[in-house]
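Novice: Here it is: the structure, laid out below.
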Amino acid sequence: MKLSAHIQAIYLANSAGANMQSVHSAKLITGIGIEGDRYAMGIGVYSATEPAKVRHISLISLSGIETANDWLKAGDEPAFDAGETRRNIALEGITAAELNNLVGKRFQLGNIQMLGTELCTPCERPAQLLSRPSFMDAFEGRGGIRAEVLSSGILSIGDQLSTEKEK
């Protein structure tokens, strides 16, 4: 499958519950995640969850956010912008289903190798922090994925996503 996805936005939070900050680029560290992000530092709200999960980086598709927001607007509820979903990377040019299909597969974002580890199912955290309880329903199947960082490097807005088969 040939994807034309690229990074539209990069977000990180330096502590649990802190607002997500938009950055132009971020340093990724093998086996850890995004330098300066709460999960790389082991202080994210779910960092101590058992069994332990790989929480190096989370990715979400902008089309998935748009679909969820259409659902919310139909119910006269406020929409979420990409940063409010609390995911690290917002991707343009990929559907939620295409992104979900990367679970269990290796892919490359910019020059960084990654492995999709699991679906990032919608949790209560964004809903709680913003007092918008419909987040979980709206983002069901569209919450993005988590990935393991397999190589270090710098990610920047505009970097392309590619899969093993495309090389």
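Letters for chains follow the order of the structure tokens (A, B, ...), residue numbers begin at 1 for each chain, and ligand numbers begin at 1 in the order shown.
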List every residue of chain A that DSSP, applied to the backbone of this structure, assigns to alpha helix (DSSP H), and report them as an MDAnalysis selection string.
Specialist: chainID A and resid 62:74 96:100 124:130 135:138
Novice: Counting only C-alpha atoms, which residues of range 29-70 of chain A sit at most 12 Å from some atom of range 122-126 of chain A, and what is each one's closest atom pair with its distance in Å to one decimal, listed by chain and rising residue number, as a Markdown table?
Specialist:
| residue | atom | partner | partner_atom | distance |
| --- | --- | --- | --- | --- |
| A:Gly44 | CA | A:Arg125 | CA | 11.0 |
| A:Val45 | CA | A:Arg125 | CA | 8.6 |
| A:Tyr46 | CA | A:Arg125 | CA | 9.7 |
| A:Ser58 | CA | A:Pro122 | CA | 11.8 |
| A:Ile60 | CA | A:Pro122 | CA | 11.1 |
| A:Ile65 | CA | A:Pro122 | CA | 11.8 |
| A:Ala68 | CA | A:Pro122 | CA | 11.3 |
Novice: Pick from A:Ala79, A:Val54, A:Val103, A:Ile157: nearest to His6 in chain A, with only C-alpha atoms counted?
Specialist: A:Ile157
Novice: Residues at most 8 Å from range 21-29 of chain A, counting only C-alpha atoms, excluding those fewer than 2 positions away in the same chain, as a list in words?
Specialist: Ala9, Ile10, Tyr11, Leu12, Ala13, Asn19, Gly31, Ile32, Gly33, Ile34, Glu35, Gly83, Val149, Ser151, Ser152, Gly153, Ile154, Leu155, Ser156 and Ile157 of chain A
Novice: Would you list the contacts of Asp159 in chain A as a PyMOL selection string, taking every protein, DNA or RNA residue within 9 Å and counting only C-alpha atoms, but skipping same-chain residues closer than 4 positions in sequence?
Specialist: chain A and resi 5-8+109-111+155
Novice: Can you spit out the residues from that selection as an mmCIF file, in the first residue's frame, using all heavy atoms?
Specialist:
data_model
loop_
_atom_site.group_PDB
_atom_site.id
_atom_site.type_symbol
_atom_site.label_atom_id
_atom_site.label_comp_id
_atom_site.auth_asym_id
_atom_site.auth_seq_id
_atom_site.Cartn_x
_atom_site.Cartn_y
_atom_site.Cartn_z
ATOM 1 N N ALA A 5 1.271 9.942 3.281
ATOM 2 C CA ALA A 5 1.092 10.607 4.562
ATOM 3 C C ALA A 5 2.342 11.390 4.959
ATOM 4 O O ALA A 5 3.465 10.997 4.645
ATOM 5 C CB ALA A 5 0.777 9.568 5.641
ATOM 6 N N HIS A 6 2.100 12.487 5.642
ATOM 7 C CA HIS A 6 3.204 13.279 6.188
ATOM 8 C C HIS A 6 2.762 13.919 7.504
ATOM 9 O O HIS A 6 1.570 14.019 7.797
ATOM 10 C CB HIS A 6 3.669 14.338 5.186
ATOM 11 C CG HIS A 6 2.630 15.369 4.890
ATOM 12 N ND1 HIS A 6 1.647 15.181 3.952
ATOM 13 C CD2 HIS A 6 2.397 16.585 5.432
ATOM 14 C CE1 HIS A 6 0.855 16.245 3.912
ATOM 15 N NE2 HIS A 6 1.288 17.109 4.807
ATOM 16 N N ILE A 7 3.758 14.339 8.272
ATOM 17 C CA ILE A 7 3.484 14.966 9.572
ATOM 18 C C ILE A 7 2.948 16.368 9.358
ATOM 19 O O ILE A 7 3.583 17.202 8.713
ATOM 20 C CB ILE A 7 4.765 15.021 10.433
ATOM 21 C CG1 ILE A 7 5.275 13.610 10.745
ATOM 22 C CG2 ILE A 7 4.504 15.811 11.725
ATOM 23 C CD1 ILE A 7 6.617 13.587 11.460
ATOM 24 N N GLN A 8 1.773 16.616 9.927
ATOM 25 C CA GLN A 8 1.172 17.941 9.866
ATOM 26 C C GLN A 8 1.443 18.704 11.154
ATOM 27 O O GLN A 8 1.518 19.928 11.161
ATOM 28 C CB GLN A 8 -0.329 17.809 9.598
ATOM 29 C CG GLN A 8 -1.038 19.099 9.259
ATOM 30 C CD GLN A 8 -1.617 19.793 10.487
ATOM 31 O OE1 GLN A 8 -1.872 19.179 11.500
ATOM 32 N NE2 GLN A 8 -1.809 21.084 10.386
ATOM 33 N N LEU A 109 9.075 7.051 9.701
ATOM 34 C CA LEU A 109 8.560 8.414 9.741
ATOM 35 C C LEU A 109 9.786 9.302 9.641
ATOM 36 O O LEU A 109 10.647 9.270 10.527
ATOM 37 C CB LEU A 109 7.792 8.646 11.045
ATOM 38 C CG LEU A 109 6.798 9.790 11.095
ATOM 39 C CD1 LEU A 109 5.828 9.780 9.928
ATOM 40 C CD2 LEU A 109 6.044 9.787 12.407
ATOM 41 N N GLY A 110 9.882 10.047 8.536
ATOM 42 C CA GLY A 110 11.128 10.759 8.268
ATOM 43 C C GLY A 110 12.228 9.711 8.139
ATOM 44 O O GLY A 110 12.104 8.770 7.375
ATOM 45 N N ASN A 111 13.295 9.858 8.912
ATOM 46 C CA ASN A 111 14.402 8.890 8.891
ATOM 47 C C ASN A 111 14.338 7.916 10.060
ATOM 48 O O ASN A 111 15.300 7.193 10.304
ATOM 49 C CB ASN A 111 15.746 9.635 8.930
ATOM 50 C CG ASN A 111 15.961 10.454 7.680
ATOM 51 O OD1 ASN A 111 15.665 9.999 6.587
ATOM 52 N ND2 ASN A 111 16.452 11.660 7.849
ATOM 53 N N LEU A 155 12.497 14.293 14.114
ATOM 54 C CA LEU A 155 11.274 14.340 13.313
ATOM 55 C C LEU A 155 10.901 15.806 13.122
ATOM 56 O O LEU A 155 10.999 16.591 14.065
ATOM 57 C CB LEU A 155 10.114 13.671 14.052
ATOM 58 C CG LEU A 155 9.878 12.191 13.889
ATOM 59 C CD1 LEU A 155 8.564 11.817 14.569
ATOM 60 C CD2 LEU A 155 9.880 11.756 12.455
#
Novice: With distances taken over only C-alpha atoms, which residue among A:Lys53, A:Arg132, A:Arg142, A:Arg87 lies nearest Glu66 in chain A?
Specialist: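 Smallest separation from Glu66 in chain A among the options: A:Arg142.
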Novice: Counting only C-alpha atoms, which residue out of A:Ile43, A:Ile145, A:Leu150, A:Ala16 sits closest to Gly64 in chain A?
Specialist: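 Using only C-alpha atoms, Gly64 in chain A sits closest to A:Ile145.
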Novice: So that I can check the secondary structure, give me every residue of range 32-152 of chain A assigned strand (DSSP E or B) by backbone DSSP, as a CSV table (one decimal) with N, CA, C and O atoms, in the first residue's frame.
Specialist:
chain,number,residue,atom,x,y,z
A,33,GLY,N,11.4,7.3,23.3
A,33,GLY,CA,10.4,8.2,22.8
A,33,GLY,C,10.8,9.6,22.5
A,33,GLY,O,12.0,9.8,22.1
A,34,ILE,N,10.0,10.5,22.6
A,34,ILE,CA,10.2,11.9,22.3
A,34,ILE,C,10.9,12.6,23.5
A,34,ILE,O,10.3,12.7,24.5
A,57,ILE,N,5.6,6.8,21.4
A,57,ILE,CA,5.0,7.9,20.5
A,57,ILE,C,3.6,7.4,20.1
A,57,ILE,O,3.3,6.3,20.0
A,58,SER,N,2.7,8.4,20.0
A,58,SER,CA,1.4,8.1,19.5
A,58,SER,C,1.1,9.0,18.3
A,58,SER,O,1.6,10.1,18.1
A,59,LEU,N,0.4,8.3,17.3
A,59,LEU,CA,0.1,9.0,16.0
A,59,LEU,C,-1.4,8.9,15.8
A,59,LEU,O,-2.1,8.0,16.2
A,60,ILE,N,-1.9,10.0,15.2
A,60,ILE,CA,-3.3,10.0,14.8
A,60,ILE,C,-3.5,10.6,13.4
A,60,ILE,O,-2.7,11.4,13.0
A,61,SER,N,-4.5,10.2,12.7
A,61,SER,CA,-4.8,10.8,11.4
A,61,SER,C,-5.7,12.0,11.4
A,61,SER,O,-6.7,12.0,12.2
A,89,ILE,N,1.8,12.9,17.2
A,89,ILE,CA,1.9,13.2,15.8
A,89,ILE,C,0.6,13.2,15.1
A,89,ILE,O,-0.2,12.2,15.3
A,90,ALA,N,0.3,14.3,14.4
A,90,ALA,CA,-0.9,14.3,13.6
A,90,ALA,C,-0.5,14.2,12.1
A,90,ALA,O,0.4,14.9,11.7
A,91,LEU,N,-1.0,13.2,11.5
A,91,LEU,CA,-0.7,12.8,10.1
A,91,LEU,C,-1.7,13.3,9.1
A,91,LEU,O,-2.9,13.0,9.3
A,92,GLU,N,-1.3,13.9,8.0
A,92,GLU,CA,-2.2,14.2,6.9
A,92,GLU,C,-1.9,13.2,5.8
A,92,GLU,O,-0.8,12.7,5.6
A,103,VAL,N,-0.4,-1.3,12.9
A,103,VAL,CA,-0.1,-2.1,14.1
A,103,VAL,C,0.5,-3.4,13.7
A,103,VAL,O,0.0,-4.1,12.9
A,106,ARG,N,6.4,-2.6,10.7
A,106,ARG,CA,7.5,-1.6,10.8
A,106,ARG,C,7.1,-0.5,9.7
A,106,ARG,O,6.6,-0.8,8.7
A,107,PHE,N,7.4,0.7,10.1
A,107,PHE,CA,7.3,1.8,9.2
A,107,PHE,C,8.3,2.8,9.5
A,107,PHE,O,9.0,2.7,10.5
A,108,GLN,N,8.5,3.8,8.6
A,108,GLN,CA,9.4,4.9,8.8
A,108,GLN,C,8.7,6.2,8.8
A,108,GLN,O,7.9,6.4,7.9
A,109,LEU,N,9.1,7.1,9.7
A,109,LEU,CA,8.6,8.4,9.7
A,109,LEU,C,9.8,9.3,9.6
A,109,LEU,O,10.6,9.3,10.5
A,112,ILE,N,13.2,7.9,10.8
A,112,ILE,CA,13.2,7.1,12.0
A,112,ILE,C,12.3,5.9,11.8
A,112,ILE,O,11.2,5.9,11.3
A,113,GLN,N,12.9,4.7,12.2
A,113,GLN,CA,12.3,3.5,12.1
A,113,GLN,C,11.3,3.3,13.3
A,113,GLN,O,11.7,3.6,14.4
A,114,MET,N,10.1,2.8,13.1
A,114,MET,CA,9.2,2.5,14.1
A,114,MET,C,8.5,1.2,13.9
A,114,MET,O,8.4,0.7,12.8
A,115,LEU,N,7.9,0.7,15.0
A,115,LEU,CA,7.0,-0.5,14.9
A,115,LEU,C,5.7,-0.1,15.6
A,115,LEU,O,5.7,0.3,16.7
A,116,GLY,N,4.6,-0.3,14.8
A,116,GLY,CA,3.3,0.0,15.4
A,116,GLY,C,3.0,-1.1,16.4
A,116,GLY,O,3.1,-2.3,16.1
A,117,THR,N,2.7,-0.7,17.7
A,117,THR,CA,2.5,-1.7,18.7
A,117,THR,C,1.1,-2.0,19.1
A,117,THR,O,0.8,-3.1,19.4
A,118,GLU,N,0.2,-1.0,19.0
A,118,GLU,CA,-1.2,-1.2,19.4
A,118,GLU,C,-2.0,0.0,19.0
A,118,GLU,O,-1.5,1.1,18.8
A,119,LEU,N,-3.3,-0.3,18.9
A,119,LEU,CA,-4.3,0.8,18.7
A,119,LEU,C,-4.3,1.7,20.0
A,119,LEU,O,-4.2,1.2,21.1
A,145,ILE,N,-2.6,5.2,16.8
A,145,ILE,CA,-1.8,4.1,17.2
A,145,ILE,C,-0.7,4.5,18.1
A,145,ILE,O,-0.3,5.7,18.1
A,146,ARG,N,-0.1,3.6,18.9
A,146,ARG,CA,1.1,3.8,19.6
A,146,ARG,C,2.2,3.1,18.8
A,146,ARG,O,2.0,2.0,18.2
A,147,ALA,N,3.4,3.6,18.9
A,147,ALA,CA,4.5,2.9,18.2
A,147,ALA,C,5.8,2.9,19.1
A,147,ALA,O,6.0,3.8,19.9
A,148,GLU,N,6.6,1.9,18.8
A,148,GLU,CA,7.9,1.8,19.4
A,148,GLU,C,9.0,2.5,18.5
A,148,GLU,O,8.9,2.3,17.3
A,149,VAL,N,9.8,3.3,19.1
A,149,VAL,CA,10.9,4.0,18.4
A,149,VAL,C,12.1,3.1,18.3
A,149,VAL,O,12.7,2.7,19.3
Novice: I'd like to know which of A:His56, A:Lys73, A:Arg38, A:Arg86 is closest to Ala127 in chain A, using only C-alpha atoms.
Specialist: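 Of the candidates, the smallest distance to Ala127 in chain A is held by A:Arg86.
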Novice: Please measure the separation of CA of Ser4 in chain A and CA of Gly93 in chain A, giving the value in Å to one decimal.
Specialist: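 CA of Gly93 in chain A lies at a distance of 5.6 Å from CA of Ser4 in chain A.
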Novice: Counting only C-alpha atoms, figure out which residue out of A:Phe135, A:Leu3, A:Thr163, A:Ala18 gets nearest to Glu77 in chain A.
Specialist: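 The closest residue to Glu77 in chain A is A:Phe135.
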Novice: How far is it from CA of Glu84 in chain A to CA of Leu161 in chain A, in Å with one decimal?
Specialist: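 Going from CA of Glu84 in chain A over to CA of Leu161 in chain A, I get 22.3 Å.
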Novice: By how many Å are CA of Pro78 in chain A and CA of Asp37 in chain A apart?
Specialist: 26.7 Å
